Amino acid sequence: MAAHEWDVTTEGGFLACYRATLPEVYRYTAMLCGHDCALAEDVVQDVYLTALGRARDGLLTTLTAGYLCVAARHRHLDRRRSAQREERRLQLVAGAGPDASVVRAVPSQLAALPERERTALVLRYVDDLSVAQVGRELSISTHAAESLLARATRRIRQQEVRDA
């Protein structure tokens, strides 16, 4: 089955695309969201509103159901990552988090670290960046980022032993 492409340069064209693709995009999004209808509806709404804005700005001229499903997947994953980051931030502030001692570190322990080490830890464990991404953000190699994170983790653990 060939993917149908809708011209969305006019409001009528966008509306035709919406009516034709909504069932497929919603079904796909509902599967992603574990059949949480409210979340699926929010994601689908975000996808169509973003697409409409891009079409009005002239950045999109055609749409397919496949494009919209991929956009829904990305939007869902963005929401999930954002919720996970927020949960980790709350756990960090509350001082009760996962087993990693770095995440359990109280703000005073983090504040005692050198700025570069503190930044690396926050990027890695709060913002959930990979070691390679931490390296890119700090303009250092992946190996240097691994060393920096290991050094910072070691300092946190030493502080925990001293404080105990």
# chains A, B, ... in the order shown; residues from 1 in each chain; ligands from 1
$ residues_around --residues "region 34-40 of chain A" --least-positions-apart "2" --cutoff "12 Å" --atoms "only C-alpha atoms" --output "PyMOL selection string"
chain A and resi 22-23+25-32+42-47+69+72-73+75-77+79-80
$ residues_around --residues "Ala112 (chain A)" --least-positions-apart "6" --cutoff "10 Å" --atoms "only C-alpha atoms" --output "PyMOL selection string"
chain A and resi 118+155-156+159
$ write_last_selection --atoms "N, CA and C atoms" --output "PDB file, in the first residue's frame"
ATOM      1  N   ARG A 118      30.743  18.709  39.226  1.00  0.00           N
ATOM      2  CA  ARG A 118      29.326  18.871  39.557  1.00  0.00           C
ATOM      3  C   ARG A 118      28.493  18.947  38.270  1.00  0.00           C
ATOM      4  N   ARG A 155      34.526  11.141  44.859  1.00  0.00           N
ATOM      5  CA  ARG A 155      34.479  12.212  45.875  1.00  0.00           C
ATOM      6  C   ARG A 155      33.181  12.171  46.677  1.00  0.00           C
ATOM      7  N   ILE A 156      32.064  11.923  45.984  1.00  0.00           N
ATOM      8  CA  ILE A 156      30.762  11.835  46.670  1.00  0.00           C
ATOM      9  C   ILE A 156      30.784  10.677  47.665  1.00  0.00           C
ATOM     10  N   GLN A 159      32.850  11.532  50.663  1.00  0.00           N
ATOM     11  CA  GLN A 159      32.110  12.453  51.545  1.00  0.00           C
ATOM     12  C   GLN A 159      31.066  11.687  52.369  1.00  0.00           C
TER      13      GLN A 159
END
$ select_by_dssp --residues "region 2-154 of chain A" --states "strand (DSSP E or B)" --output "PyMOL selection string"
chain A and resi 6-7+62-63
$ closest_residue --among "A:Arg85, A:Arg19, A:His143, A:Arg56" --to "Arg124 (chain A)" --atoms "only C-alpha atoms"
A:Arg85
$ atom_distance --atom1 "CA of His4 (chain A)" --atom2 "CA of Ala16 (chain A)"
11.7 Å
$ residues_around --residues "Arg81 (chain A)" --least-positions-apart "5" --cutoff "12 Å" --atoms "only C-alpha atoms" --output "VMD selection string"
chain A and resid 74 to 76 86 to 88 126 to 129
$ select_by_dssp --residues "chain A" --states "helix (DSSP H, G or I)" --output "ChimeraX atom specification"
/A:11-32,37-56,65-94,101-104,107-112,115-126,131-137,142-163
$ closest_residue --among "A:Ser139, A:Glu117, A:Leu60, A:Glu160" --to "Glu5 (chain A)" --atoms "only C-alpha atoms"
A:Leu60
$ closest_residue --among "A:Ala3, A:Glu41, A:Glu24, A:Leu49" --to "Leu63 (chain A)" --atoms "only C-alpha atoms"
A:Ala3
$ closest_residue --among "A:Thr50, A:Ser82, A:Thr64, A:Gln109" --to "Ala152 (chain A)" --atoms "only C-alpha atoms"
A:Gln109
$ atom_distance --atom1 "CA of Cys33 (chain A)" --atom2 "CA of Ala20 (chain A)"
21.4 Å
$ atom_distance --atom1 "CA of Arg116 (chain A)" --atom2 "CA of Leu138 (chain A)"
8.3 Å
